[in-house]
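With compact mmCIF, C-alpha atoms inside, this is protein-v7.txt:
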# COMPACT_ATOMS: atom_id res chain seq x y z
CA MET A 203 145.99 -23.99 -103.87
CA SER A 204 145.35 -22.39 -100.49
CA ALA A 205 143.61 -24.44 -97.81
CA ASP A 206 140.56 -22.17 -97.49
CA GLN A 207 139.57 -22.41 -101.18
CA PRO A 208 136.50 -24.54 -101.98
CA THR A 209 137.21 -28.00 -103.36
CA ALA A 210 136.17 -29.16 -106.81
CA GLY A 211 133.11 -30.92 -105.38
CA GLU A 212 132.09 -27.82 -103.44
CA ARG A 213 132.51 -25.58 -106.50
CA PHE A 214 130.34 -27.98 -108.52
CA ILE A 215 127.52 -28.13 -105.96
CA GLN A 216 127.58 -24.39 -105.21
CA GLY A 217 127.00 -23.50 -108.86
CA ILE A 218 123.80 -25.49 -109.21
CA LEU A 219 121.60 -23.96 -106.49
CA PRO A 220 123.34 -22.18 -103.57
CA GLU A 221 125.20 -19.80 -105.93
CA ASN A 222 122.89 -20.20 -108.90
CA PRO A 223 124.00 -17.67 -111.54
CA VAL A 224 120.47 -16.39 -112.22
CA TYR A 225 118.53 -16.84 -108.99
CA ARG A 226 121.30 -16.04 -106.50
CA GLN A 227 123.93 -14.02 -108.37
CA LEU A 228 121.51 -12.34 -110.85
CA LEU A 229 124.04 -12.68 -113.67
CA GLY A 230 123.32 -13.33 -117.36
CA MET A 231 120.00 -11.48 -117.21
CA CYS A 232 120.08 -10.56 -120.89
CA PRO A 233 119.91 -14.10 -122.34
CA THR A 234 117.69 -15.15 -119.42
CA LEU A 235 115.04 -12.68 -120.50
CA ALA A 236 115.60 -12.82 -124.26
CA VAL A 237 115.75 -16.52 -125.17
CA THR A 238 113.44 -18.17 -122.64
CA GLY A 239 110.27 -17.82 -124.70
CA ALA A 240 110.57 -21.53 -125.46
CA MET A 241 112.66 -24.48 -124.28
CA LYS A 242 114.58 -25.14 -127.51
CA PRO A 243 116.29 -21.73 -127.79
CA ALA A 244 116.77 -21.65 -124.01
CA MET A 245 118.55 -25.00 -123.93
CA THR A 246 120.63 -24.13 -127.00
CA MET A 247 121.76 -20.95 -125.27
CA ALA A 248 122.51 -22.94 -122.08
CA ALA A 249 124.62 -25.41 -124.08
CA ALA A 250 126.53 -22.63 -125.86
CA THR A 251 127.17 -20.86 -122.54
CA ALA A 252 128.31 -24.14 -120.96
CA PHE A 253 130.79 -24.73 -123.78
CA VAL A 254 132.24 -21.22 -123.41
CA LEU A 255 132.29 -21.27 -119.60
CA ILE A 256 133.94 -24.68 -119.24
CA SER A 257 136.46 -24.04 -122.05
CA ALA A 258 137.38 -20.58 -120.74
CA ASN A 259 137.78 -21.88 -117.19
CA LEU A 260 140.00 -24.71 -118.45
CA ILE A 261 142.32 -22.47 -120.45
CA VAL A 262 142.53 -19.72 -117.83
CA SER A 263 143.33 -22.27 -115.14
CA LEU A 264 146.06 -23.80 -117.32
CA ILE A 265 147.77 -20.43 -117.80
CA ARG A 266 146.99 -18.96 -114.36
CA GLY A 267 150.66 -18.97 -113.35
CA LEU A 268 151.55 -16.74 -116.30
CA LEU A 269 148.86 -14.07 -115.78
CA ARG A 270 149.92 -10.48 -115.04
CA PRO A 271 147.45 -8.82 -112.61
CA HIS A 272 146.93 -5.73 -114.75
CA LEU A 273 146.49 -7.76 -117.96
CA ARG A 274 144.37 -10.60 -116.64
CA ILE A 275 141.01 -9.11 -117.70
CA LEU A 276 142.34 -8.70 -121.23
CA VAL A 277 143.41 -12.36 -121.27
CA PHE A 278 140.02 -13.45 -119.92
CA THR A 279 138.19 -11.44 -122.57
CA LEU A 280 140.41 -12.74 -125.40
CA THR A 281 139.80 -16.31 -124.28
CA ILE A 282 136.06 -15.90 -123.84
CA ALA A 283 135.66 -14.11 -127.19
CA THR A 284 137.50 -16.91 -128.99
CA PHE A 285 135.27 -19.62 -127.59
CA VAL A 286 132.12 -17.60 -128.20
CA THR A 287 133.14 -17.20 -131.85
CA ILE A 288 133.72 -20.94 -132.12
CA ALA A 289 130.28 -21.59 -130.57
CA ASP A 290 128.65 -19.07 -132.90
CA ARG A 291 130.25 -20.59 -136.01
CA GLY A 292 129.40 -24.11 -134.81
CA LEU A 293 125.74 -23.18 -134.37
CA ALA A 294 125.64 -21.48 -137.79
CA ALA A 295 127.08 -24.63 -139.36
CA TYR A 296 125.11 -27.36 -137.61
CA LEU A 297 121.99 -25.68 -136.18
CA TYR A 298 121.44 -22.94 -138.75
CA PRO A 299 117.73 -22.20 -138.05
CA MET A 300 118.41 -22.03 -134.29
CA SER A 301 121.44 -19.81 -134.93
CA LYS A 302 119.19 -17.38 -136.80
CA GLU A 303 116.58 -17.53 -134.05
CA LEU A 304 119.14 -16.74 -131.33
CA GLY A 305 120.62 -13.97 -133.51
CA PRO A 306 122.89 -11.55 -131.60
CA TYR A 307 122.44 -13.33 -128.25
CA VAL A 308 125.12 -15.89 -129.02
CA PRO A 309 127.84 -13.26 -129.66
CA LEU A 310 126.53 -11.46 -126.56
CA ILE A 311 127.70 -14.41 -124.43
CA ILE A 312 131.06 -12.57 -124.50
CA VAL A 313 129.63 -9.93 -122.16
CA ASN A 314 127.85 -12.41 -119.89
CA CYS A 315 129.29 -11.47 -116.50
CA LEU A 316 128.93 -15.03 -115.26
CA ILE A 317 131.79 -16.22 -117.45
CA ILE A 318 134.34 -13.52 -116.71
CA SER A 319 133.47 -13.66 -113.01
CA ARG A 320 134.21 -17.40 -112.84
CA CYS A 321 137.52 -16.80 -114.60
CA GLU A 322 138.37 -14.21 -111.97
CA ILE A 323 136.99 -15.95 -108.86
CA CYS A 324 137.93 -19.56 -109.58
CA ALA A 325 139.84 -20.38 -112.76
CA SER A 326 142.64 -17.87 -112.25
CA ARG A 327 143.26 -19.11 -108.69
CA GLN A 328 142.62 -22.85 -108.61
CA ASN A 329 143.70 -25.98 -110.45
CA VAL A 330 142.21 -27.30 -113.67
CA ALA A 331 139.97 -29.95 -112.09
CA THR A 332 138.41 -27.40 -109.73
CA ALA A 333 138.01 -24.84 -112.50
CA VAL A 334 136.28 -27.35 -114.76
CA ALA A 335 134.05 -28.52 -111.89
CA ASP A 336 133.12 -24.89 -111.23
CA GLY A 337 132.33 -24.39 -114.91
CA VAL A 338 130.17 -27.51 -115.04
CA GLY A 339 128.31 -26.61 -111.83
CA MET A 340 127.64 -23.04 -112.91
CA SER A 341 126.56 -24.25 -116.37
CA LEU A 342 124.09 -26.69 -114.83
CA GLY A 343 122.77 -23.94 -112.58
CA PHE A 344 122.37 -21.58 -115.53
CA ALA A 345 120.63 -24.29 -117.57
CA LEU A 346 118.32 -25.06 -114.65
CA ALA A 347 117.36 -21.39 -114.33
CA LEU A 348 116.74 -20.99 -118.07
CA ALA A 349 114.75 -24.25 -118.16
CA SER A 350 112.53 -23.18 -115.26
CA ILE A 351 111.70 -19.83 -116.86
CA ALA A 352 111.28 -21.26 -120.37
CA THR A 353 109.02 -24.05 -119.09
CA VAL A 354 106.64 -21.56 -117.47
CA ARG A 355 106.63 -19.22 -120.48
CA GLU A 356 106.26 -21.90 -123.15
CA LEU A 357 103.68 -24.03 -121.30
CA LEU A 358 101.41 -21.17 -120.33
CA GLY A 359 102.15 -18.96 -123.34
CA LEU A 360 102.10 -21.51 -126.16
CA GLY A 361 100.74 -24.67 -124.55
CA THR A 362 103.79 -26.63 -125.67
CA TRP A 363 107.08 -27.85 -124.23
CA PHE A 364 110.03 -28.29 -126.59
CA GLY A 365 107.46 -27.64 -129.33
CA LEU A 366 105.32 -30.63 -128.35
CA PRO A 367 101.67 -29.88 -127.45
CA ILE A 368 101.14 -30.42 -123.72
CA MET A 369 98.25 -28.26 -122.61
CA PRO A 370 94.71 -29.25 -123.64
CA ASP A 371 93.23 -27.63 -126.75
CA ALA A 372 90.87 -25.59 -124.60
CA TRP A 373 93.81 -23.83 -122.92
CA GLN A 374 93.78 -20.08 -123.58
CA HIS A 375 97.36 -19.06 -124.37
CA TRP A 376 98.76 -16.36 -122.09
CA GLY A 377 100.30 -14.42 -124.95
CA VAL A 378 101.90 -11.86 -122.64
CA LEU A 379 104.29 -14.52 -121.37
CA ILE A 380 105.88 -14.90 -124.81
CA LEU A 381 106.54 -11.15 -125.01
CA PRO A 382 109.31 -9.25 -123.15
CA PRO A 383 107.01 -8.16 -120.29
CA GLY A 384 106.23 -11.83 -119.72
CA ALA A 385 109.92 -12.56 -119.36
CA PHE A 386 110.27 -9.96 -116.61
CA LEU A 387 107.08 -11.15 -114.89
CA THR A 388 108.14 -14.80 -114.92
CA LEU A 389 111.69 -14.07 -113.76
CA GLY A 390 110.46 -11.77 -111.01
CA LEU A 391 107.94 -14.27 -109.69
CA LEU A 392 110.37 -17.17 -109.77
CA LEU A 393 113.06 -15.05 -108.09
CA GLY A 394 110.56 -14.20 -105.36
CA ALA A 395 109.69 -17.89 -104.96
CA VAL A 396 113.36 -18.86 -104.66
CA GLU A 397 113.97 -16.11 -102.08
CA TRP A 398 110.94 -17.19 -100.06
CA TRP A 399 112.05 -20.81 -100.11
CA SER A 400 115.62 -19.89 -99.10
CA GLU A 401 114.38 -17.74 -96.25
CA ARG A 402 112.08 -20.53 -95.03
CA ARG A 403 114.94 -23.01 -95.11
CA GLY A 404 117.11 -20.55 -93.24
CA ARG A 405 114.45 -20.02 -90.55
CA LYS A 406 113.90 -23.79 -90.20
CA GLY A 407 117.63 -24.29 -89.72
CA THR A 408 117.71 -21.61 -87.01
CA THR A 409 114.72 -23.02 -85.06
CA THR A 410 115.89 -26.64 -85.14
CA SER A 411 119.55 -25.91 -84.16
CA MET B 110 167.67 8.65 -121.73
CA SER B 111 169.16 5.45 -120.24
CA ALA B 112 166.07 5.17 -117.97
CA GLN B 113 163.85 5.27 -121.10
CA ARG B 114 165.96 2.57 -122.78
CA GLU B 115 165.53 0.36 -119.68
CA LYS B 116 161.72 0.84 -119.77
CA ARG B 117 161.24 -0.24 -123.44
CA PRO B 118 161.82 -4.02 -123.23
CA SER B 119 159.47 -4.43 -120.23
CA TYR B 120 156.37 -3.82 -122.40
CA ILE B 121 157.09 -6.97 -124.40
CA ARG B 122 158.02 -8.87 -121.23
CA GLN B 123 154.66 -7.95 -119.72
CA ALA B 124 152.48 -8.45 -122.79
CA TRP B 125 154.10 -11.51 -124.38
CA LEU B 126 151.31 -13.78 -123.13
CA VAL B 127 148.63 -11.52 -124.61
CA ILE B 128 150.48 -11.40 -127.94
CA LEU B 129 151.02 -15.17 -127.97
CA LEU B 130 147.40 -15.90 -127.06
CA GLY B 131 146.24 -13.47 -129.73
CA LEU B 132 148.25 -15.37 -132.33
CA LEU B 133 147.13 -18.80 -131.11
CA TYR B 134 143.48 -17.85 -130.83
CA GLY B 135 143.64 -16.17 -134.24
CA ALA B 136 145.05 -19.35 -135.76
CA ALA B 137 142.37 -21.43 -134.05
CA LEU B 138 139.60 -19.18 -135.36
CA ALA B 139 141.11 -19.28 -138.86
CA GLY B 140 141.02 -23.08 -138.65
CA VAL B 141 137.41 -23.06 -137.49
CA GLN B 142 136.43 -20.70 -140.30
CA THR B 143 138.25 -22.87 -142.86
CA GLY B 144 136.43 -25.95 -141.64
CA LEU B 145 133.00 -24.54 -141.01
CA GLY B 146 132.89 -21.72 -143.57
CA PRO B 147 131.81 -23.94 -146.48
CA ILE B 148 129.09 -25.57 -144.35
CA ILE B 149 127.73 -22.17 -143.32
CA GLU B 150 127.81 -20.98 -146.94
CA GLU B 151 125.89 -24.09 -148.00
CA ASN B 152 123.26 -23.36 -145.31
CA LYS B 153 122.89 -19.82 -146.63
CA ARG B 154 122.68 -21.10 -150.21
CA ARG B 155 119.92 -23.53 -149.24
CA GLU B 156 118.05 -20.75 -147.49
CA THR B 157 118.52 -18.50 -150.51
CA PHE B 158 117.04 -21.10 -152.85
CA SER B 159 114.05 -21.58 -150.56
CA VAL B 160 113.34 -17.82 -150.45
CA ILE B 161 113.78 -16.98 -154.16
CA PRO B 162 110.25 -18.02 -155.20
CA GLU B 163 108.92 -15.52 -152.63
CA LEU B 164 111.11 -12.73 -154.00
CA VAL B 165 110.41 -13.34 -157.69
CA PRO B 166 106.78 -14.35 -158.30
CA GLY B 167 106.27 -17.20 -160.74
CA THR B 168 109.63 -18.84 -160.03
CA ASP B 169 109.85 -22.61 -160.25
CA ARG B 170 112.26 -24.11 -157.70
CA GLU B 171 113.61 -26.52 -160.34
CA HIS B 172 114.67 -23.59 -162.54
CA ILE B 173 116.78 -21.49 -160.22
CA THR B 174 120.33 -21.15 -161.51
CA ALA B 175 123.31 -19.63 -159.71
CA LEU B 176 125.50 -17.64 -162.06
CA GLU B 177 128.76 -15.74 -161.71
CA VAL B 178 128.92 -12.28 -163.26
CA GLU B 179 131.81 -9.84 -163.32
CA THR B 180 131.30 -6.28 -162.16
CA ALA B 181 132.90 -3.25 -163.83
CA LYS B 182 135.64 -3.43 -161.19
CA GLY B 183 136.47 -7.01 -162.21
CA LYS B 184 134.94 -8.57 -159.10
CA ALA B 185 133.08 -11.89 -159.46
CA ARG B 186 129.62 -11.80 -157.92
CA ARG B 187 126.94 -14.47 -157.67
CA VAL B 188 123.46 -13.80 -158.99
CA TYR B 189 120.49 -16.14 -159.24
CA ARG B 190 118.45 -16.50 -162.41
CA ALA B 191 114.83 -17.26 -161.47
CA GLY B 192 113.01 -19.19 -164.17
CA GLY B 193 109.37 -20.17 -164.39
CA PRO B 194 107.99 -23.71 -165.00
CA ASP B 195 108.90 -23.26 -168.68
CA ASP B 196 112.36 -21.96 -167.66
CA GLN B 197 111.40 -18.58 -169.09
CA LEU B 198 113.20 -15.78 -167.25
CA ARG B 199 110.99 -14.46 -164.44
CA GLY B 200 113.59 -12.30 -162.71
CA TRP B 201 116.86 -12.12 -160.84
CA VAL B 202 117.93 -12.36 -157.23
CA ILE B 203 121.14 -10.81 -156.03
CA ALA B 204 122.83 -11.33 -152.67
CA ALA B 205 124.41 -8.26 -151.15
CA GLY B 206 125.78 -7.19 -147.82
CA GLY B 207 127.25 -4.31 -145.94
CA LEU B 208 127.71 -2.73 -142.57
CA GLY B 209 124.58 -2.20 -140.48
CA PHE B 210 124.35 -0.51 -137.10
CA ALA B 211 125.72 -3.41 -135.06
CA ASP B 212 127.28 -5.77 -137.55
CA ARG B 213 127.07 -6.94 -141.14
CA ILE B 214 123.63 -7.20 -142.81
CA ASP B 215 123.18 -9.67 -145.69
CA VAL B 216 120.14 -9.29 -147.93
CA LEU B 217 118.60 -10.88 -151.02
CA ILE B 218 117.08 -8.53 -153.58
CA GLY B 219 114.52 -9.70 -156.11
CA LEU B 220 114.49 -7.90 -159.49
CA ASP B 221 112.34 -8.14 -162.58
CA PRO B 222 113.86 -9.57 -165.80
CA HIS B 223 114.91 -6.11 -167.06
CA VAL B 224 116.37 -5.00 -163.72
CA GLU B 225 113.96 -2.07 -163.68
CA GLN B 226 111.89 -2.94 -160.66
CA ILE B 227 112.49 -4.47 -157.24
CA THR B 228 110.21 -7.46 -156.68
CA GLY B 229 111.18 -8.29 -153.12
CA MET B 230 113.72 -8.03 -150.33
CA TYR B 231 114.73 -10.61 -147.71
CA VAL B 232 117.18 -10.19 -144.85
CA LEU B 233 119.42 -13.26 -144.86
CA ASP B 234 121.51 -12.36 -141.84
CA GLN B 235 121.63 -9.52 -139.33
CA LYS B 236 122.64 -8.86 -135.75
CA GLU B 237 120.88 -5.52 -135.25
CA THR B 238 119.44 -4.36 -131.94
CA PRO B 239 116.55 -6.62 -130.89
CA GLY B 240 113.25 -4.76 -130.92
CA LEU B 241 114.66 -1.91 -132.98
CA GLY B 242 117.05 -2.56 -135.86
CA ASN B 243 116.10 -6.22 -136.14
CA LEU B 244 112.61 -5.13 -137.25
CA ILE B 245 114.11 -4.83 -140.73
CA VAL B 246 113.25 -8.54 -141.08
CA GLU B 247 109.55 -7.89 -140.54
CA ASP B 248 107.08 -7.84 -143.43
CA ASP B 249 106.08 -4.24 -142.65
CA PHE B 250 109.54 -3.02 -143.60
CA ARG B 251 110.30 -5.56 -146.34
CA ASP B 252 107.03 -5.03 -148.21
CA GLN B 253 107.97 -1.39 -148.84
CA PHE B 254 110.61 -2.50 -151.33
CA ILE B 255 108.18 -4.33 -153.61
CA ASP B 256 107.54 -2.46 -156.89
CA LYS B 257 110.14 0.21 -156.12
CA SER B 258 112.16 1.36 -159.11
CA ALA B 259 115.60 -0.15 -159.61
CA LEU B 260 116.49 2.64 -162.05
CA LYS B 261 116.98 5.25 -159.34
CA PRO B 262 118.31 5.03 -155.77
CA LEU B 263 116.07 4.26 -152.84
CA GLU B 264 115.68 7.13 -150.39
CA VAL B 265 115.07 6.68 -146.69
CA VAL B 266 112.61 9.00 -144.94
CA LYS B 267 111.40 9.21 -141.34
CA THR B 268 107.83 10.18 -142.24
CA GLU B 269 105.35 8.41 -144.51
CA ALA B 270 106.82 7.59 -147.92
CA ALA B 271 105.25 9.60 -150.72
CA PRO B 272 103.08 7.39 -152.98
CA GLY B 273 104.76 6.47 -156.25
CA SER B 274 108.14 7.63 -154.96
CA ASN B 275 111.27 5.60 -154.32
CA GLU B 276 111.10 6.41 -150.62
CA ILE B 277 111.36 3.88 -147.81
CA ARG B 278 110.12 4.72 -144.34
CA THR B 279 112.60 3.92 -141.60
CA VAL B 280 111.92 1.57 -138.73
CA THR B 281 111.20 3.91 -135.80
CA GLY B 282 114.30 4.18 -133.64
CA ALA B 283 116.42 2.34 -136.19
CA THR B 284 117.35 4.91 -138.80
CA ILE B 285 120.86 3.58 -139.28
CA SER B 286 119.73 -0.03 -139.80
CA SER B 287 117.08 1.12 -142.29
CA GLN B 288 119.53 3.39 -144.13
CA SER B 289 122.08 0.58 -144.25
CA VAL B 290 119.62 -1.74 -145.98
CA ALA B 291 118.79 0.92 -148.56
CA ASP B 292 122.48 1.68 -149.15
CA ILE B 293 123.29 -2.02 -149.58
CA ILE B 294 120.50 -2.41 -152.13
CA ASN B 295 121.39 0.77 -154.04
CA LYS B 296 125.06 -0.21 -154.28
CA ALA B 297 124.29 -3.79 -155.34
CA ILE B 298 121.85 -2.77 -158.07
CA ASP B 299 124.25 -0.12 -159.32
CA GLU B 300 127.11 -2.64 -159.51
CA LEU B 301 125.18 -5.53 -160.99
CA ARG B 302 122.57 -4.04 -163.35
CA GLN B 303 124.84 -3.97 -166.39
CA PRO B 304 126.48 -7.39 -165.80
CA ILE B 305 123.04 -8.98 -165.29
CA LEU B 306 121.62 -7.41 -168.45
CA GLU B 307 124.65 -8.67 -170.40
CA GLN B 308 124.09 -12.12 -168.92
CA ALA B 309 120.42 -11.98 -169.93
CA THR B 310 121.37 -11.05 -173.49
CA SER B 311 123.80 -13.92 -173.83
CA LYS B 312 121.57 -16.48 -172.09
CA PRO B 313 117.89 -15.34 -171.93
Using structure tokens, write down the structure from this file.
Amino acid sequence: MSADQPTAGERFIQGILPENPVYRQLLGMCPTLAVTGAMKPAMTMAAATAFVLISANLIVSLIRGLLRPHLRILVFTLTIATFVTIADRGLAAYLYPMSKELGPYVPLIIVNCLIISRCEICASRQNVATAVADGVGMSLGFALALASIATVRELLGLGTWFGLPIMPDAWQHWGVLILPPGAFLTLGLLLGAVEWWSERRGRKGTTTS
Amino acid sequence: MSAQREKRPSYIRQAWLVILLGLLYGAALAGVQTGLGPIIEENKRRETFSVIPELVPGTDREHITALEVETAKGKARRVYRAGGPDDQLRGWVIAAGGLGFADRIDVLIGLDPHVEQITGMYVLDQKETPGLGNLIVEDDFRDQFIDKSALKPLEVVKTEAAPGSNEIRTVTGATISSQSVADIINKAIDELRQPILEQATSKP
């Protein structure tokens, strides 16, 4: 491992907020928009993605010394597709109704750029512990992003959270938030909020230094 | 010629990892399918039993029987006999599948006791395009199949279906998904009509 590569701890922390897959890297937009109508499907998707990301990072890091440069993408894709299939079959076996609700979005994890990018940037270049830490950090960041969007959409759109009634009976459901336009609106507004907060932190750091 | 002979072995030397991983991953997936396949089938069976009363009106859940029939080609296929509270035959439900636009589509088809009329259709599994092909699960599309004749093939049209015809209107923007469902149903009814009628004669 070269001296200027981030450590395992740094990879872990970076993935949660500073390099958050959704809010900073804008990766995995498809599941972010499609499955965040409620918390349950969002968290199931986050768990499936975490399983694939961590497993793929682990395997790719283990075999990194054997990778040919011009065949590495093929190896990454083979590995990711295998774990996605395992996740898909696992969901169909043990969470059948949720598997039906998520539909094609679980197989679509294969084309989630977050996973192949972590294989390329981290797992294929660093040791197993760092690769796994990177996978865990990025998974937590992805889950955090999905949870934030799903919380807004489910609370305001359905008045519930994880299916449990939270908002008072008098609350008028914002139906648009459950529909695809609501996904774009919520993501856009939260992205703007994160950017504003980052900029403010950056300006504060500049004025106090 | 000798330069070509030197080149040949290097393909294997370069791709051995890909080939090995392909074999290992394939074995792993075969293991997963062996372990989880029966559980997934049981989930589908349970879902099938819960949907049958909707597909064949008058069905009593206690009198749904899974039967094996043999097609003309010697293939064993599962059909469900839907009985009423008195166990009198109310109809049949057949499970069928085929290629859709994106992936496999599995459907359940409800039929009357004489396999002359379709009493319902339910999409058990599909991975069609969200917002387009996946609208085949909606009631608007499914309800079109009710009371259609099982004696002649379903036809898919892009305009309004003619009243009294065996036409099914496609989901807008999802012609292939709609056509696939019709093809799956036509093929299943064609294959299973005779075996089901023979089954009904032997065990009414």
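Using all atoms listed in the file, the protein and nucleic acid residues lying no more than 10 Å from B:Ala191, apart from those fewer than 4 places from it along its own chain, are Phe158, Ile161, Pro162, Leu164, Val165, Pro166, Gly167, Thr168, Asp169, Arg170, Glu171, His172, Ile173, Thr174, Ala175, Asp196, Gln197, Leu198, Arg199, Gly200, Trp201, Val202, Gly219, Leu220, Asp221 and Pro222 of chain B.
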Please, which residues of chain A lie no more than 12 Å from chain B when the count uses only C-alpha atoms, and can they be set out as a PDB file with C-alpha atoms, keeping the file's coordinate frame?
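What landed in result.pdb:
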ATOM      1  CA  CYS A 232     120.080 -10.560-120.890  1.00  0.00           C
ATOM      2  CA  PRO A 233     119.910 -14.100-122.340  1.00  0.00           C
ATOM      3  CA  ALA A 236     115.600 -12.820-124.260  1.00  0.00           C
ATOM      4  CA  VAL A 237     115.750 -16.520-125.170  1.00  0.00           C
ATOM      5  CA  ILE A 261     142.320 -22.470-120.450  1.00  0.00           C
ATOM      6  CA  VAL A 262     142.530 -19.720-117.830  1.00  0.00           C
ATOM      7  CA  ILE A 265     147.770 -20.430-117.800  1.00  0.00           C
ATOM      8  CA  ARG A 266     146.990 -18.960-114.360  1.00  0.00           C
ATOM      9  CA  GLY A 267     150.660 -18.970-113.350  1.00  0.00           C
ATOM     10  CA  LEU A 268     151.550 -16.740-116.300  1.00  0.00           C
ATOM     11  CA  LEU A 269     148.860 -14.070-115.780  1.00  0.00           C
ATOM     12  CA  ARG A 270     149.920 -10.480-115.040  1.00  0.00           C
ATOM     13  CA  PRO A 271     147.450  -8.820-112.610  1.00  0.00           C
ATOM     14  CA  HIS A 272     146.930  -5.730-114.750  1.00  0.00           C
ATOM     15  CA  LEU A 273     146.490  -7.760-117.960  1.00  0.00           C
ATOM     16  CA  ARG A 274     144.370 -10.600-116.640  1.00  0.00           C
ATOM     17  CA  ILE A 275     141.010  -9.110-117.700  1.00  0.00           C
ATOM     18  CA  LEU A 276     142.340  -8.700-121.230  1.00  0.00           C
ATOM     19  CA  VAL A 277     143.410 -12.360-121.270  1.00  0.00           C
ATOM     20  CA  PHE A 278     140.020 -13.450-119.920  1.00  0.00           C
ATOM     21  CA  THR A 279     138.190 -11.440-122.570  1.00  0.00           C
ATOM     22  CA  LEU A 280     140.410 -12.740-125.400  1.00  0.00           C
ATOM     23  CA  THR A 281     139.800 -16.310-124.280  1.00  0.00           C
ATOM     24  CA  ILE A 282     136.060 -15.900-123.840  1.00  0.00           C
ATOM     25  CA  ALA A 283     135.660 -14.110-127.190  1.00  0.00           C
ATOM     26  CA  THR A 284     137.500 -16.910-128.990  1.00  0.00           C
ATOM     27  CA  PHE A 285     135.270 -19.620-127.590  1.00  0.00           C
ATOM     28  CA  VAL A 286     132.120 -17.600-128.200  1.00  0.00           C
ATOM     29  CA  THR A 287     133.140 -17.200-131.850  1.00  0.00           C
ATOM     30  CA  ILE A 288     133.720 -20.940-132.120  1.00  0.00           C
ATOM     31  CA  ALA A 289     130.280 -21.590-130.570  1.00  0.00           C
ATOM     32  CA  ASP A 290     128.650 -19.070-132.900  1.00  0.00           C
ATOM     33  CA  ARG A 291     130.250 -20.590-136.010  1.00  0.00           C
ATOM     34  CA  GLY A 292     129.400 -24.110-134.810  1.00  0.00           C
ATOM     35  CA  LEU A 293     125.740 -23.180-134.370  1.00  0.00           C
ATOM     36  CA  ALA A 294     125.640 -21.480-137.790  1.00  0.00           C
ATOM     37  CA  ALA A 295     127.080 -24.630-139.360  1.00  0.00           C
ATOM     38  CA  TYR A 296     125.110 -27.360-137.610  1.00  0.00           C
ATOM     39  CA  LEU A 297     121.990 -25.680-136.180  1.00  0.00           C
ATOM     40  CA  TYR A 298     121.440 -22.940-138.750  1.00  0.00           C
ATOM     41  CA  PRO A 299     117.730 -22.200-138.050  1.00  0.00           C
ATOM     42  CA  SER A 301     121.440 -19.810-134.930  1.00  0.00           C
ATOM     43  CA  LYS A 302     119.190 -17.380-136.800  1.00  0.00           C
ATOM     44  CA  GLU A 303     116.580 -17.530-134.050  1.00  0.00           C
ATOM     45  CA  LEU A 304     119.140 -16.740-131.330  1.00  0.00           C
ATOM     46  CA  GLY A 305     120.620 -13.970-133.510  1.00  0.00           C
ATOM     47  CA  PRO A 306     122.890 -11.550-131.600  1.00  0.00           C
ATOM     48  CA  TYR A 307     122.440 -13.330-128.250  1.00  0.00           C
ATOM     49  CA  VAL A 308     125.120 -15.890-129.020  1.00  0.00           C
ATOM     50  CA  PRO A 309     127.840 -13.260-129.660  1.00  0.00           C
ATOM     51  CA  LEU A 310     126.530 -11.460-126.560  1.00  0.00           C
ATOM     52  CA  LEU A 381     106.540 -11.150-125.010  1.00  0.00           C
ATOM     53  CA  PRO A 382     109.310  -9.250-123.150  1.00  0.00           C
TER      54      PRO A 382
END
*asked:* Please list as a VMD selection string every residue within 12 Å of B:Ala185, counting only C-alpha atoms and excluding residues in the same chain fewer than 5 positions away.
replied: chain B and resid 176 to 180 300 to 301 304 to 305
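In terms of minimum interatomic distance to A:Pro220, A:Val396 ranks closest within A:Ala258, A:Val396, A:Val378, A:Val330, counting all atoms listed in the file.
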*What does the distance between atom CA of B:Ala271 and atom CA of B:Asp256 come to in Å, to one decimal place?*
13.7 Å
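Atom CA of A:Phe214 to atom CA of A:Ser341 spans 9.5 Å [interatomic distance, one decimal].
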*Fewer than 5 positions away in the same chain doesn't count, so skip those; otherwise give me all residues within 9 Å of B:Val224, counting only C-alpha atoms, as number ranges by chain.*
B: 200-201, 258-260, 298, 302-303, 305-306
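The smallest atom-to-atom distance between A:Gly390 and any of A:Leu255, A:Ala325, A:Ile351, A:Ala335, using all atoms listed in the file, is found for A:Ile351.
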*Leaving out B:Glu247 and any residue of its chain fewer than 5 positions from it, which residues lie within 10 Å of it when counting only C-alpha atoms, given as a ChimeraX atom specification?*
/B:231-232,252,280
Is it possible to get the residues within 9 Å of (121.5, -25.0, -122.9) (coordinates as in the file, counting only C-alpha atoms) written as an mmCIF file with C-alpha atoms, in the frame of the given file?
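Saved the output as out_22.cif:
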data_model
loop_
_atom_site.group_PDB
_atom_site.id
_atom_site.type_symbol
_atom_site.label_atom_id
_atom_site.label_comp_id
_atom_site.auth_asym_id
_atom_site.auth_seq_id
_atom_site.Cartn_x
_atom_site.Cartn_y
_atom_site.Cartn_z
ATOM 1 C CA MET A 241 112.660 -24.480 -124.280
ATOM 2 C CA LYS A 242 114.580 -25.140 -127.510
ATOM 3 C CA PRO A 243 116.290 -21.730 -127.790
ATOM 4 C CA ALA A 244 116.770 -21.650 -124.010
ATOM 5 C CA MET A 245 118.550 -25.000 -123.930
ATOM 6 C CA THR A 246 120.630 -24.130 -127.000
ATOM 7 C CA MET A 247 121.760 -20.950 -125.270
ATOM 8 C CA ALA A 248 122.510 -22.940 -122.080
ATOM 9 C CA ALA A 249 124.620 -25.410 -124.080
ATOM 10 C CA ALA A 250 126.530 -22.630 -125.860
ATOM 11 C CA THR A 251 127.170 -20.860 -122.540
ATOM 12 C CA ALA A 252 128.310 -24.140 -120.960
ATOM 13 C CA SER A 341 126.560 -24.250 -116.370
ATOM 14 C CA LEU A 342 124.090 -26.690 -114.830
ATOM 15 C CA PHE A 344 122.370 -21.580 -115.530
ATOM 16 C CA ALA A 345 120.630 -24.290 -117.570
ATOM 17 C CA LEU A 346 118.320 -25.060 -114.650
ATOM 18 C CA LEU A 348 116.740 -20.990 -118.070
ATOM 19 C CA ALA A 349 114.750 -24.250 -118.160
#
